[in-house]
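Undergrad: Before we start, here is the structure in question, set down as structure tokens.
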Amino acid sequence: MDITQMYSIINKKGNSFKDFITFIDFMFDNRNKVNELKCKKDRENFDYHFDRMPIYTREILSKLRYDLIEGVANIGATTENMSKRIDEFTKL
């Protein structure tokens with residue numbers, strides 16, 4: 001397991017849903033390789049983040065939920081505005 005890659009993936013886990021999925025995949029793919037890490041602090045850090053995955057999952061799903069609600073609201077507003085414009089155009 002590459003230490004630089006590990007910390008890069010861990011640090012980006014909250015940037016996007018795609019980065020979070022990469023983080024989850026990386027953590028599970030490397031769970032059995034954690035003892036290969038030479039530095040005890042790196043092993044502890046890996047274990048810490050592995051154990052916190054349920055918390056991270058809840059955080060990213062909360063972000064996703066609000067992003068989806070905002071997206072649906074924006075689509076609704078856009079559709080309403082388009083309907084008004086079409087109605088105005090057809091009245092001409």
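Naming scheme: A, B, ... for chains in displayed order of the structure tokens; residues 1 onward per chain; ligands 1 onward as shown.
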When you look at Ser16 (chain A) with a cut-off of 10 Å (counting only C-alpha atoms), what residues show up, excluding the ones that are within fewer than 6 positions of it in the same chain? I need them as a ChimeraX atom specification.
TA: /A:22,60,63-64
Undergrad: Save out the residues we just selected, N, CA and C atoms, as an mmCIF file, in the first residue's frame.
TA:
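Result file follows (selection.cif):
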```
data_model
loop_
_atom_site.group_PDB
_atom_site.id
_atom_site.type_symbol
_atom_site.label_atom_id
_atom_site.label_comp_id
_atom_site.auth_asym_id
_atom_site.auth_seq_id
_atom_site.Cartn_x
_atom_site.Cartn_y
_atom_site.Cartn_z
ATOM 1 N N THR A 22 -14.283 6.242 -3.948
ATOM 2 C CA THR A 22 -12.876 5.848 -4.098
ATOM 3 C C THR A 22 -12.269 5.541 -2.732
ATOM 4 N N ILE A 60 -21.621 12.168 4.157
ATOM 5 C CA ILE A 60 -21.705 12.328 2.698
ATOM 6 C C ILE A 60 -23.142 12.145 2.216
ATOM 7 N N LYS A 63 -24.959 15.387 2.856
ATOM 8 C CA LYS A 63 -24.617 16.356 1.806
ATOM 9 C C LYS A 63 -25.366 16.040 0.519
ATOM 10 N N LEU A 64 -25.374 14.774 0.157
ATOM 11 C CA LEU A 64 -26.027 14.354 -1.079
ATOM 12 C C LEU A 64 -27.519 14.641 -1.022
#
```
Undergrad: Name the residues in contact with region 32-46 of chain A at a cut-off of 9 Å, using only C-alpha atoms, excluding same-chain residues fewer than 4 positions from it; report them as a PyMOL selection string.
TA: chain A and resi 1-3+6-7+10+27-28+50-51
Undergrad: I need the residues from that last selection saved to file as an mmCIF file, in the first residue's frame (with C-alpha atoms), if you can.
TA:
```
data_model
loop_
_atom_site.group_PDB
_atom_site.id
_atom_site.type_symbol
_atom_site.label_atom_id
_atom_site.label_comp_id
_atom_site.auth_asym_id
_atom_site.auth_seq_id
_atom_site.Cartn_x
_atom_site.Cartn_y
_atom_site.Cartn_z
ATOM 1 C CA MET A 1 0.000 0.000 0.000
ATOM 2 C CA ASP A 2 1.374 3.398 -1.000
ATOM 3 C CA ILE A 3 1.389 5.864 1.921
ATOM 4 C CA MET A 6 -3.471 6.475 1.197
ATOM 5 C CA TYR A 7 -3.290 9.977 2.648
ATOM 6 C CA ILE A 10 -8.264 9.950 2.887
ATOM 7 C CA MET A 27 -10.141 1.169 2.516
ATOM 8 C CA PHE A 28 -11.799 -2.208 1.925
ATOM 9 C CA PHE A 50 -11.644 2.617 8.666
ATOM 10 C CA ASP A 51 -13.564 2.616 11.955
#
```
Undergrad: Skip Arg52 (chain A) itself and residues of its chain fewer than 3 positions away, then list as a VMD selection string all residues within 12 Å of it, counting only C-alpha atoms.
TA: chain A and resid 10 13 23 to 24 27 45 to 49 55 to 59
Undergrad: Those residues you just picked out, can you put them in a file as a PDB file, in the first residue's frame with C-alpha atoms?
TA:
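The resulting selection29.pdb:
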```pdb
ATOM      1  CA  ILE A  10      -8.264   9.950   2.887  1.00  0.00           C
ATOM      2  CA  LYS A  13     -12.955  11.697   0.858  1.00  0.00           C
ATOM      3  CA  PHE A  23     -12.089   6.170  -0.380  1.00  0.00           C
ATOM      4  CA  ILE A  24     -14.459   3.332   0.604  1.00  0.00           C
ATOM      5  CA  MET A  27     -10.141   1.169   2.516  1.00  0.00           C
ATOM      6  CA  ASN A  45      -4.414   6.298  11.154  1.00  0.00           C
ATOM      7  CA  PHE A  46      -5.710   3.751   8.648  1.00  0.00           C
ATOM      8  CA  ASP A  47      -7.618   1.920  11.407  1.00  0.00           C
ATOM      9  CA  TYR A  48      -9.009   5.195  12.725  1.00  0.00           C
ATOM     10  CA  HIS A  49     -10.447   6.163   9.341  1.00  0.00           C
ATOM     11  CA  ILE A  55     -19.773   8.398  10.318  1.00  0.00           C
ATOM     12  CA  TYR A  56     -18.260   9.521   7.016  1.00  0.00           C
ATOM     13  CA  THR A  57     -21.047   7.703   5.159  1.00  0.00           C
ATOM     14  CA  ARG A  58     -23.699   9.547   7.126  1.00  0.00           C
ATOM     15  CA  GLU A  59     -21.987  12.885   6.448  1.00  0.00           C
TER      16      GLU A  59
END
```
Undergrad: Return as number ranges by chain the full set of residues in region 18-92 of chain A whose backbone-based DSSP assignment is alpha helix (DSSP H).
TA: A: 18-29, 40-51, 53-91
Undergrad: To one decimal place, how far is CA of Asp19 (chain A) from CA of Met53 (chain A) in Å?
TA: 13.4 Å
Undergrad: In Å, rounded to a single decimal, give me how far CA of Arg65 (chain A) is from CA of Asn11 (chain A).
TA: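 The value is 21.8 Å.
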